[in-house]
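Chemist: Got a structure for you, input27.cif, holding mmCIF, C-alpha atoms and all ligand atoms; chains and numbers go by the auth columns.
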data_final
loop_
_atom_site.group_PDB
_atom_site.id
_atom_site.type_symbol
_atom_site.label_atom_id
_atom_site.label_comp_id
_atom_site.label_asym_id
_atom_site.label_seq_id
_atom_site.Cartn_x
_atom_site.Cartn_y
_atom_site.Cartn_z
_atom_site.B_iso_or_equiv
_atom_site.auth_seq_id
_atom_site.auth_asym_id
ATOM 1 C CA MET A 1 3.042 -21.673 12.838 0.00 1 A
ATOM 2 C CA ILE A 2 3.661 -18.072 11.767 0.00 2 A
ATOM 3 C CA ALA A 3 7.004 -18.248 13.595 0.00 3 A
ATOM 4 C CA ASP A 4 7.955 -21.370 11.595 0.00 4 A
ATOM 5 C CA HIS A 5 6.901 -19.721 8.362 0.00 5 A
ATOM 6 C CA LEU A 6 8.980 -16.647 9.165 0.00 6 A
ATOM 7 C CA GLN A 7 11.976 -18.842 9.808 0.00 7 A
ATOM 8 C CA THR A 8 11.476 -20.564 6.455 0.00 8 A
ATOM 9 C CA VAL A 9 11.249 -17.218 4.663 0.00 9 A
ATOM 10 C CA HIS A 10 14.401 -15.958 6.384 0.00 10 A
ATOM 11 C CA ALA A 11 16.167 -19.151 5.294 0.00 11 A
ATOM 12 C CA ARG A 12 15.030 -18.533 1.696 0.00 12 A
ATOM 13 C CA ILE A 13 16.366 -14.970 1.868 0.00 13 A
ATOM 14 C CA VAL A 14 19.719 -16.127 3.254 0.00 14 A
ATOM 15 C CA ALA A 15 20.026 -18.873 0.632 0.00 15 A
ATOM 16 C CA ALA A 16 19.139 -16.455 -2.166 0.00 16 A
ATOM 17 C CA CYS A 17 21.714 -13.957 -0.917 0.00 17 A
ATOM 18 C CA ARG A 18 24.389 -16.660 -0.729 0.00 18 A
ATOM 19 C CA ALA A 19 23.574 -17.788 -4.262 0.00 19 A
ATOM 20 C CA ALA A 20 23.829 -14.191 -5.461 0.00 20 A
ATOM 21 C CA GLY A 21 26.992 -13.396 -3.497 0.00 21 A
ATOM 22 C CA ARG A 22 25.151 -10.824 -1.387 0.00 22 A
ATOM 23 C CA ASP A 23 25.124 -10.096 2.337 0.00 23 A
ATOM 24 C CA PRO A 24 21.738 -11.113 3.820 0.00 24 A
ATOM 25 C CA ARG A 25 21.800 -7.927 5.886 0.00 25 A
ATOM 26 C CA GLU A 26 21.185 -6.008 2.649 0.00 26 A
ATOM 27 C CA VAL A 27 17.691 -7.479 2.343 0.00 27 A
ATOM 28 C CA THR A 28 14.793 -6.490 4.613 0.00 28 A
ATOM 29 C CA LEU A 29 11.703 -8.643 4.994 0.00 29 A
ATOM 30 C CA LEU A 30 8.398 -6.799 4.834 0.00 30 A
ATOM 31 C CA ALA A 31 5.580 -9.046 6.118 0.00 31 A
ATOM 32 C CA VAL A 32 2.431 -8.408 4.078 0.00 32 A
ATOM 33 C CA SER A 33 -0.436 -8.806 6.524 0.00 33 A
ATOM 34 C CA LYS A 34 -3.369 -7.670 4.356 0.00 34 A
ATOM 35 C CA THR A 35 -6.603 -9.583 5.045 0.00 35 A
ATOM 36 C CA PHE A 36 -5.123 -11.061 8.251 0.00 36 A
ATOM 37 C CA GLY A 37 -6.172 -9.773 11.637 0.00 37 A
ATOM 38 C CA PRO A 38 -4.266 -8.201 14.505 0.00 38 A
ATOM 39 C CA ASP A 39 -3.598 -11.596 16.106 0.00 39 A
ATOM 40 C CA ALA A 40 -1.582 -12.741 13.104 0.00 40 A
ATOM 41 C CA VAL A 41 0.474 -9.551 13.221 0.00 41 A
ATOM 42 C CA ARG A 42 0.980 -9.993 16.958 0.00 42 A
ATOM 43 C CA ALA A 43 2.237 -13.544 16.388 0.00 43 A
ATOM 44 C CA ALA A 44 4.668 -12.367 13.729 0.00 44 A
ATOM 45 C CA HIS A 45 5.900 -9.596 16.006 0.00 45 A
ATOM 46 C CA ALA A 46 6.431 -12.115 18.819 0.00 46 A
ATOM 47 C CA ALA A 47 8.637 -14.021 16.349 0.00 47 A
ATOM 48 C CA GLY A 48 10.751 -10.913 15.716 0.00 48 A
ATOM 49 C CA GLN A 49 9.047 -9.300 12.724 0.00 49 A
ATOM 50 C CA THR A 50 8.579 -5.528 12.978 0.00 50 A
ATOM 51 C CA ALA A 51 7.774 -4.243 9.459 0.00 51 A
ATOM 52 C CA PHE A 52 4.324 -4.896 7.990 0.00 52 A
ATOM 53 C CA GLY A 53 2.797 -4.101 4.608 0.00 53 A
ATOM 54 C CA GLU A 54 -0.879 -3.326 4.040 0.00 54 A
ATOM 55 C CA ASN A 55 -2.923 -2.697 0.887 0.00 55 A
ATOM 56 C CA TYR A 56 -6.335 -1.573 2.119 0.00 56 A
ATOM 57 C CA LEU A 57 -6.230 1.695 4.006 0.00 57 A
ATOM 58 C CA GLN A 58 -9.204 1.371 6.325 0.00 58 A
ATOM 59 C CA GLU A 59 -8.320 -2.220 7.217 0.00 59 A
ATOM 60 C CA ALA A 60 -4.770 -1.090 7.933 0.00 60 A
ATOM 61 C CA VAL A 61 -5.794 1.833 10.131 0.00 61 A
ATOM 62 C CA ASP A 62 -8.118 -0.403 12.175 0.00 62 A
ATOM 63 C CA LYS A 63 -5.300 -2.917 12.617 0.00 63 A
ATOM 64 C CA MET A 64 -2.848 -0.217 13.701 0.00 64 A
ATOM 65 C CA ALA A 65 -5.320 0.952 16.342 0.00 65 A
ATOM 66 C CA ALA A 66 -5.601 -2.593 17.703 0.00 66 A
ATOM 67 C CA LEU A 67 -1.804 -2.924 17.805 0.00 67 A
ATOM 68 C CA GLY A 68 -0.865 0.480 19.173 0.00 68 A
ATOM 69 C CA ASP A 69 1.022 -1.136 22.047 0.00 69 A
ATOM 70 C CA LEU A 70 3.619 -2.641 19.684 0.00 70 A
ATOM 71 C CA PRO A 71 6.542 -0.775 18.052 0.00 71 A
ATOM 72 C CA LEU A 72 5.734 -1.678 14.447 0.00 72 A
ATOM 73 C CA ALA A 73 6.603 -0.001 11.146 0.00 73 A
ATOM 74 C CA TRP A 74 3.698 0.168 8.683 0.00 74 A
ATOM 75 C CA HIS A 75 4.230 0.231 4.927 0.00 75 A
ATOM 76 C CA CYS A 76 1.465 1.198 2.495 0.00 76 A
ATOM 77 C CA ILE A 77 1.800 -1.093 -0.532 0.00 77 A
ATOM 78 C CA GLY A 78 -1.673 -0.626 -2.024 0.00 78 A
ATOM 79 C CA PRO A 79 -2.829 1.925 -4.594 0.00 79 A
ATOM 80 C CA ILE A 80 -3.113 5.485 -3.234 0.00 80 A
ATOM 81 C CA GLN A 81 -6.010 7.524 -4.634 0.00 81 A
ATOM 82 C CA SER A 82 -5.449 11.242 -4.275 0.00 82 A
ATOM 83 C CA ASN A 83 -8.518 11.563 -2.008 0.00 83 A
ATOM 84 C CA LYS A 84 -6.973 9.011 0.393 0.00 84 A
ATOM 85 C CA THR A 85 -3.563 10.559 0.846 0.00 85 A
ATOM 86 C CA ARG A 86 -4.426 12.013 4.263 0.00 86 A
ATOM 87 C CA LEU A 87 -4.911 8.551 5.771 0.00 87 A
ATOM 88 C CA VAL A 88 -1.569 7.413 4.400 0.00 88 A
ATOM 89 C CA ALA A 89 0.240 10.558 5.543 0.00 89 A
ATOM 90 C CA ALA A 90 -1.207 10.355 9.042 0.00 90 A
ATOM 91 C CA HIS A 91 -0.768 6.648 9.760 0.00 91 A
ATOM 92 C CA PHE A 92 2.011 5.026 7.776 0.00 92 A
ATOM 93 C CA ASP A 93 5.798 5.074 8.078 0.00 93 A
ATOM 94 C CA TRP A 94 6.371 4.171 4.431 0.00 94 A
ATOM 95 C CA ALA A 95 4.471 4.427 1.137 0.00 95 A
ATOM 96 C CA HIS A 96 5.750 2.179 -1.691 0.00 96 A
ATOM 97 C CA THR A 97 3.153 3.041 -4.289 0.00 97 A
ATOM 98 C CA VAL A 98 3.695 6.705 -5.141 0.00 98 A
ATOM 99 C CA ASP A 99 3.446 7.057 -8.917 0.00 99 A
ATOM 100 C CA ARG A 100 2.237 10.619 -9.508 0.00 100 A
ATOM 101 C CA LEU A 101 3.556 14.018 -8.450 0.00 101 A
ATOM 102 C CA LYS A 102 0.105 15.110 -7.283 0.00 102 A
ATOM 103 C CA VAL A 103 -0.098 12.227 -4.812 0.00 103 A
ATOM 104 C CA ALA A 104 3.444 12.898 -3.601 0.00 104 A
ATOM 105 C CA GLN A 105 2.697 16.601 -3.080 0.00 105 A
ATOM 106 C CA ARG A 106 -0.430 15.837 -1.089 0.00 106 A
ATOM 107 C CA LEU A 107 1.404 13.286 1.060 0.00 107 A
ATOM 108 C CA SER A 108 4.098 15.848 1.802 0.00 108 A
ATOM 109 C CA GLU A 109 1.585 18.618 2.613 0.00 109 A
ATOM 110 C CA GLN A 110 -0.500 16.316 4.802 0.00 110 A
ATOM 111 C CA ARG A 111 2.319 14.630 6.718 0.00 111 A
ATOM 112 C CA PRO A 112 1.763 15.660 10.356 0.00 112 A
ATOM 113 C CA ALA A 113 4.523 17.822 11.784 0.00 113 A
ATOM 114 C CA HIS A 114 5.094 15.579 14.801 0.00 114 A
ATOM 115 C CA LEU A 115 5.959 12.587 12.605 0.00 115 A
ATOM 116 C CA ALA A 116 9.220 11.861 10.808 0.00 116 A
ATOM 117 C CA PRO A 117 9.133 12.387 7.032 0.00 117 A
ATOM 118 C CA LEU A 118 7.156 9.727 5.179 0.00 118 A
ATOM 119 C CA GLN A 119 9.564 7.215 3.629 0.00 119 A
ATOM 120 C CA VAL A 120 8.654 6.824 -0.031 0.00 120 A
ATOM 121 C CA CYS A 121 9.304 4.512 -2.952 0.00 121 A
ATOM 122 C CA LEU A 122 8.139 5.302 -6.475 0.00 122 A
ATOM 123 C CA GLN A 123 6.154 2.466 -7.983 0.00 123 A
ATOM 124 C CA VAL A 124 7.443 1.766 -11.486 0.00 124 A
ATOM 125 C CA ASN A 125 5.396 -0.074 -14.109 0.00 125 A
ATOM 126 C CA ILE A 126 8.432 -2.124 -15.027 0.00 126 A
ATOM 127 C CA ASP A 127 6.714 -4.638 -17.320 0.00 127 A
ATOM 128 C CA GLY A 128 4.626 -2.050 -19.122 0.00 128 A
ATOM 129 C CA GLY A 129 1.057 -3.264 -18.593 0.00 129 A
ATOM 130 C CA PRO A 130 -1.118 -0.478 -20.091 0.00 130 A
ATOM 131 C CA THR A 131 -3.686 -0.403 -17.266 0.00 131 A
ATOM 132 C CA LYS A 132 -1.295 -0.922 -14.389 0.00 132 A
ATOM 133 C CA SER A 133 -0.362 1.517 -11.704 0.00 133 A
ATOM 134 C CA GLY A 134 3.196 2.704 -11.605 0.00 134 A
ATOM 135 C CA VAL A 135 5.102 5.430 -13.389 0.00 135 A
ATOM 136 C CA PRO A 136 6.416 4.396 -16.831 0.00 136 A
ATOM 137 C CA PRO A 137 10.153 3.657 -16.534 0.00 137 A
ATOM 138 C CA HIS A 138 11.142 6.507 -18.867 0.00 138 A
ATOM 139 C CA GLU A 139 9.326 9.001 -16.619 0.00 139 A
ATOM 140 C CA ALA A 140 10.764 7.716 -13.344 0.00 140 A
ATOM 141 C CA MET A 141 13.845 9.939 -13.355 0.00 141 A
ATOM 142 C CA ALA A 142 11.876 13.181 -13.730 0.00 142 A
ATOM 143 C CA LEU A 143 9.344 12.161 -11.079 0.00 143 A
ATOM 144 C CA ALA A 144 12.094 11.076 -8.669 0.00 144 A
ATOM 145 C CA LYS A 145 13.829 14.445 -8.983 0.00 145 A
ATOM 146 C CA GLU A 146 10.607 16.288 -8.130 0.00 146 A
ATOM 147 C CA VAL A 147 9.641 13.981 -5.267 0.00 147 A
ATOM 148 C CA ALA A 148 13.140 14.264 -3.794 0.00 148 A
ATOM 149 C CA GLN A 149 12.471 18.014 -3.316 0.00 149 A
ATOM 150 C CA LEU A 150 9.325 17.597 -1.238 0.00 150 A
ATOM 151 C CA PRO A 151 10.028 18.628 2.356 0.00 151 A
ATOM 152 C CA ARG A 152 7.991 16.039 4.278 0.00 152 A
ATOM 153 C CA LEU A 153 8.911 13.015 2.165 0.00 153 A
ATOM 154 C CA ALA A 154 12.133 11.016 2.186 0.00 154 A
ATOM 155 C CA LEU A 155 12.593 9.378 -1.207 0.00 155 A
ATOM 156 C CA ARG A 156 14.134 5.952 -0.564 0.00 156 A
ATOM 157 C CA GLY A 157 13.869 4.119 -3.857 0.00 157 A
ATOM 158 C CA LEU A 158 11.715 2.173 -6.287 0.00 158 A
ATOM 159 C CA MET A 159 9.019 -0.477 -5.994 0.00 159 A
ATOM 160 C CA THR A 160 7.811 -2.903 -8.644 0.00 160 A
ATOM 161 C CA LEU A 161 4.871 -5.287 -8.890 0.00 161 A
ATOM 162 C CA PRO A 162 5.361 -7.206 -12.144 0.00 162 A
ATOM 163 C CA GLU A 163 2.973 -9.798 -13.522 0.00 163 A
ATOM 164 C CA PRO A 164 3.762 -13.337 -12.337 0.00 164 A
ATOM 165 C CA ALA A 165 6.606 -14.754 -14.421 0.00 165 A
ATOM 166 C CA ALA A 166 6.761 -18.222 -15.969 0.00 166 A
ATOM 167 C CA ASP A 167 10.005 -19.181 -14.277 0.00 167 A
ATOM 168 C CA PHE A 168 13.110 -17.907 -12.486 0.00 168 A
ATOM 169 C CA ASP A 169 14.817 -16.601 -15.612 0.00 169 A
ATOM 170 C CA ALA A 170 11.760 -14.677 -16.775 0.00 170 A
ATOM 171 C CA ALA A 171 11.353 -13.134 -13.312 0.00 171 A
ATOM 172 C CA LEU A 172 15.055 -12.315 -13.187 0.00 172 A
ATOM 173 C CA ALA A 173 14.941 -10.502 -16.526 0.00 173 A
ATOM 174 C CA VAL A 174 12.157 -8.192 -15.320 0.00 174 A
ATOM 175 C CA HIS A 175 13.768 -7.561 -11.930 0.00 175 A
ATOM 176 C CA ARG A 176 17.054 -6.734 -13.668 0.00 176 A
ATOM 177 C CA ARG A 177 15.319 -3.958 -15.599 0.00 177 A
ATOM 178 C CA ALA A 178 14.213 -2.469 -12.279 0.00 178 A
ATOM 179 C CA LYS A 179 17.723 -2.739 -10.870 0.00 179 A
ATOM 180 C CA ALA A 180 19.157 -1.017 -13.964 0.00 180 A
ATOM 181 C CA LEU A 181 16.678 1.843 -13.550 0.00 181 A
ATOM 182 C CA PHE A 182 17.500 2.069 -9.849 0.00 182 A
ATOM 183 C CA ASP A 183 21.226 2.275 -10.675 0.00 183 A
ATOM 184 C CA ALA A 184 20.556 4.941 -13.312 0.00 184 A
ATOM 185 C CA LEU A 185 18.718 7.093 -10.772 0.00 185 A
ATOM 186 C CA CYS A 186 21.533 6.669 -8.251 0.00 186 A
ATOM 187 C CA ALA A 187 24.042 7.655 -10.951 0.00 187 A
ATOM 188 C CA GLN A 188 22.072 10.910 -11.384 0.00 188 A
ATOM 189 C CA GLY A 189 22.833 11.771 -7.790 0.00 189 A
ATOM 190 C CA LEU A 190 19.653 10.579 -6.103 0.00 190 A
ATOM 191 C CA ALA A 191 20.546 8.983 -2.748 0.00 191 A
ATOM 192 C CA LEU A 192 18.403 5.859 -2.966 0.00 192 A
ATOM 193 C CA ASP A 193 18.858 2.744 -0.847 0.00 193 A
ATOM 194 C CA THR A 194 15.662 0.743 -1.327 0.00 194 A
ATOM 195 C CA LEU A 195 14.580 -1.498 -4.171 0.00 195 A
ATOM 196 C CA SER A 196 11.257 -3.000 -3.083 0.00 196 A
ATOM 197 C CA MET A 197 10.632 -6.063 -5.237 0.00 197 A
ATOM 198 C CA GLY A 198 9.995 -9.773 -4.884 0.00 198 A
ATOM 199 C CA MET A 199 7.087 -11.591 -3.225 0.00 199 A
ATOM 200 C CA THR A 200 6.396 -15.163 -2.125 0.00 200 A
ATOM 201 C CA ALA A 201 6.731 -16.597 -5.631 0.00 201 A
ATOM 202 C CA ASP A 202 9.746 -14.671 -6.914 0.00 202 A
ATOM 203 C CA LEU A 203 11.813 -13.455 -3.980 0.00 203 A
ATOM 204 C CA GLU A 204 14.849 -15.485 -5.068 0.00 204 A
ATOM 205 C CA ALA A 205 14.913 -13.912 -8.528 0.00 205 A
ATOM 206 C CA ALA A 206 14.329 -10.456 -7.026 0.00 206 A
ATOM 207 C CA ILE A 207 17.211 -10.858 -4.586 0.00 207 A
ATOM 208 C CA HIS A 208 19.426 -12.156 -7.368 0.00 208 A
ATOM 209 C CA ALA A 209 18.688 -8.964 -9.323 0.00 209 A
ATOM 210 C CA GLY A 210 19.384 -6.656 -6.364 0.00 210 A
ATOM 211 C CA SER A 211 16.203 -6.296 -4.309 0.00 211 A
ATOM 212 C CA THR A 212 16.756 -4.775 -0.868 0.00 212 A
ATOM 213 C CA MET A 213 13.209 -5.338 0.414 0.00 213 A
ATOM 214 C CA VAL A 214 11.017 -8.344 -0.304 0.00 214 A
ATOM 215 C CA ARG A 215 7.291 -8.107 0.410 0.00 215 A
ATOM 216 C CA VAL A 216 6.047 -11.514 1.514 0.00 216 A
ATOM 217 C CA GLY A 217 2.500 -12.398 2.496 0.00 217 A
ATOM 218 C CA THR A 218 1.421 -15.929 1.589 0.00 218 A
ATOM 219 C CA ALA A 219 4.600 -17.679 2.721 0.00 219 A
ATOM 220 C CA ILE A 220 4.209 -16.120 6.188 0.00 220 A
ATOM 221 C CA PHE A 221 0.482 -15.905 6.847 0.00 221 A
ATOM 222 C CA GLY A 222 -0.878 -18.525 4.433 0.00 222 A
ATOM 223 C CA GLY A 223 -3.273 -18.159 1.514 0.00 223 A
ATOM 224 C CA ARG A 224 -5.694 -15.260 1.433 0.00 224 A
ATOM 225 C CA VAL A 225 -9.416 -15.870 1.113 0.00 225 A
ATOM 226 C CA ARG A 226 -10.163 -12.370 -0.110 0.00 226 A
ATOM 227 C CA ALA A 227 -8.673 -11.492 -3.476 0.00 227 A
ATOM 228 C CA ALA A 228 -5.772 -9.095 -3.430 0.00 228 A
HETATM 229 C C1 LIG B . -0.205 -8.956 -1.604 0.00 301 B
HETATM 230 C C2 LIG B . 1.037 -8.262 -2.003 0.00 301 B
HETATM 231 C C3 LIG B . 2.307 -8.806 -1.707 0.00 301 B
HETATM 232 C C4 LIG B . 2.510 -10.168 -1.082 0.00 301 B
HETATM 233 O O1 LIG B . 2.220 -11.174 -2.019 0.00 301 B
HETATM 234 P P1 LIG B . 2.459 -12.730 -1.657 0.00 301 B
HETATM 235 O O2 LIG B . 2.457 -13.376 -2.995 0.00 301 B
HETATM 236 O O3 LIG B . 1.311 -13.135 -0.812 0.00 301 B
HETATM 237 O O4 LIG B . 3.755 -12.852 -0.976 0.00 301 B
HETATM 238 C C5 LIG B . 3.424 -8.045 -2.019 0.00 301 B
HETATM 239 N N1 LIG B . 3.312 -6.838 -2.611 0.00 301 B
HETATM 240 C C6 LIG B . 2.117 -6.287 -2.917 0.00 301 B
HETATM 241 C C7 LIG B . 2.075 -4.949 -3.536 0.00 301 B
HETATM 242 C C8 LIG B . 0.950 -6.988 -2.637 0.00 301 B
HETATM 243 O O5 LIG B . -0.224 -6.440 -2.971 0.00 301 B
#
Taking this structure as input, can you express it in the form of C-alpha cells?
Modeler:
Amino acid sequence: MIADHLQTVHARIVAACRAAGRDPREVTLLAVSKTFGPDAVRAAHAAGQTAFGENYLQEAVDKMAALGDLPLAWHCIGPIQSNKTRLVAAHFDWAHTVDRLKVAQRLSEQRPAHLAPLQVCLQVNIDGGPTKSGVPPHEAMALAKEVAQLPRLALRGLMTLPEPAADFDAALAVHRRAKALFDALCAQGLALDTLSMGMTADLEAAIHAGSTMVRVGTAIFGGRVRAA
C-alpha cells in the first residue's frame, strides 16, 4: 500500500513538473513519517524512498535507533527549541526549521566532529502569521548571511509552511513569494539549491512556483491520528 502511494506521489510530482516545464529530477520527495512507526518507514524504504522527515525529536530518535540498519537520511521539520538543539545536531542529516541565529549557532557548536556538516534550511514565515515560527521575510537575508558563516552547518536554502490555501492560485501566489525571496538570496551570492515547500495538499502549486523539495506525509502514509 505504501509502495502504491509512493508511486502515486511520484506521478503527481512528474505531472506537476511537466505542467511547469521543469525537469522532475529537480524535485526531491521527502517522506514525512511523523506519528508512523518504524515498519511504515521500512516499507517506504523497500519501495525506494530514502529521505524521511520528522517533527517530534524523541519519536524521531527512537525511530532512527530501530532503523539503524538502513541507509536513511533524516530531516528535522519540526520546531527546534534552543534546549533541544543537541538532539538535532547529533541525530539528523538536515534541519529545515532554523529561524534564529542562536539556534543555528548551537547546532553548529554541537554538531559532532565525526558527522558531515548539518544541512540547513531557514524557515521563513512567508505568509506573515504573527504567532508562527519562521524568520520574517525581510530578515531572511541577514540571517542567511550569518548562518552561511557557521563552520558545522551547510546552508542549503529556505523552507516554508504556509497556512492551507483556498485553491491552486492562492497557494501559487504564496509559494511564488518564497521563490522570489530564494532568488534574491541567490542573487546576493549565497549558494542555495533547496527550496523546501509543498505538502500533500499543495505540492503541485509549490512545484509550479519552483520548489525543489516537497514534504509529503498523508499521501504516502495515510491520515494521522495524532494532531500535527
Ligand atoms: C506534517 C508536515 C508535513 C506533511 O504534511 P502532509 O499534509 O501530511 O503531507 C510537511 N511539512 C511539515 C513541516 C509538517 O509538519
Chemist: I'd like the interatomic distance between atom CA of A:Thr194 and atom CA of A:Gly157, to a tenth of an Å.
Modeler: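 If I compute the distance from atom CA of A:Thr194 to atom CA of A:Gly157, I get 4.6 Å.
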Chemist: Quick one: apply the PyMOL selection byres (((chain A and resi 18-33) around 6) and not hetatm) to the file and drop the selected residues here as a list in words.
Modeler: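 So the PyMOL selection byres (((chain A and resi 18-33) around 6) and not hetatm) ends up selecting Val14, Ala15, Ala16, Cys17, Lys34, Phe36, Ala51, Phe52, Gly53, His208, Thr212, Met213, Val214, Arg215, Val216 and Gly217 of chain A.
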Chemist: How would the residues just picked look written out with C-alpha atoms as a PDB file, in the frame of the given file?
Modeler:
ATOM      1  CA  VAL A  14      19.719 -16.127   3.254  1.00  0.00           C
ATOM      2  CA  ALA A  15      20.026 -18.873   0.632  1.00  0.00           C
ATOM      3  CA  ALA A  16      19.139 -16.455  -2.166  1.00  0.00           C
ATOM      4  CA  CYS A  17      21.714 -13.957  -0.917  1.00  0.00           C
ATOM      5  CA  LYS A  34      -3.369  -7.670   4.356  1.00  0.00           C
ATOM      6  CA  PHE A  36      -5.123 -11.061   8.251  1.00  0.00           C
ATOM      7  CA  ALA A  51       7.774  -4.243   9.459  1.00  0.00           C
ATOM      8  CA  PHE A  52       4.324  -4.896   7.990  1.00  0.00           C
ATOM      9  CA  GLY A  53       2.797  -4.101   4.608  1.00  0.00           C
ATOM     10  CA  HIS A 208      19.426 -12.156  -7.368  1.00  0.00           C
ATOM     11  CA  THR A 212      16.756  -4.775  -0.868  1.00  0.00           C
ATOM     12  CA  MET A 213      13.209  -5.338   0.414  1.00  0.00           C
ATOM     13  CA  VAL A 214      11.017  -8.344  -0.304  1.00  0.00           C
ATOM     14  CA  ARG A 215       7.291  -8.107   0.410  1.00  0.00           C
ATOM     15  CA  VAL A 216       6.047 -11.514   1.514  1.00  0.00           C
ATOM     16  CA  GLY A 217       2.500 -12.398   2.496  1.00  0.00           C
TER      17      GLY A 217
END
Chemist: With the file shown as input, list the residues that the PyMOL selection byres (((chain A and resi 75) around 7) and not hetatm) selects, as a ChimeraX atom specification.
Modeler: /A:52-54,73-74,76-77,92-95
Chemist: Give the answer as one residue: which of A:Ile126, A:Ala219, A:Ala191, A:Val225 has the shortest atom-to-atom distance to A:Asp4, using only C-alpha atoms?
Modeler: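 So, comparing all the options, the nearest one is A:Ala219.
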Chemist: Can you translate the PyMOL selection byres (((chain A and resi 198) around 8) and not hetatm) into the concrete residues it hits in this file, as a VMD selection string?
Modeler: chain A and resid 161 196 to 197 199 to 207 211 213 to 216
Chemist: What's the 8 Å shell around A:Leu67, counting all atoms listed in the file, without same-chain residues fewer than 3 positions away, as an mmCIF file with C-alpha atoms, keeping the file's coordinate frame?
Modeler:
data_model
loop_
_atom_site.group_PDB
_atom_site.id
_atom_site.type_symbol
_atom_site.label_atom_id
_atom_site.label_comp_id
_atom_site.auth_asym_id
_atom_site.auth_seq_id
_atom_site.Cartn_x
_atom_site.Cartn_y
_atom_site.Cartn_z
ATOM 1 C CA PRO A 38 -4.266 -8.201 14.505
ATOM 2 C CA ARG A 42 0.980 -9.993 16.958
ATOM 3 C CA LYS A 63 -5.300 -2.917 12.617
ATOM 4 C CA MET A 64 -2.848 -0.217 13.701
ATOM 5 C CA LEU A 70 3.619 -2.641 19.684
#
Chemist: Would you pick out the contacts of A:Leu57 at 9 Å or less, using only C-alpha atoms, so that residues sharing its chain but fewer than 3 positions from it are not included, and give the list as a ChimeraX atom specification?
Modeler: /A:54,60-62,76,78,80,84,87-88
Chemist: Quote the spacing between atom C5 of ligand LIG 301 (chain B) and atom CA of A:Ala209 in Å to one decimal place.
Modeler: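 Computing the Euclidean distance for atom C5 of ligand LIG 301 (chain B) and atom CA of A:Ala209 yields 16.9 Å.
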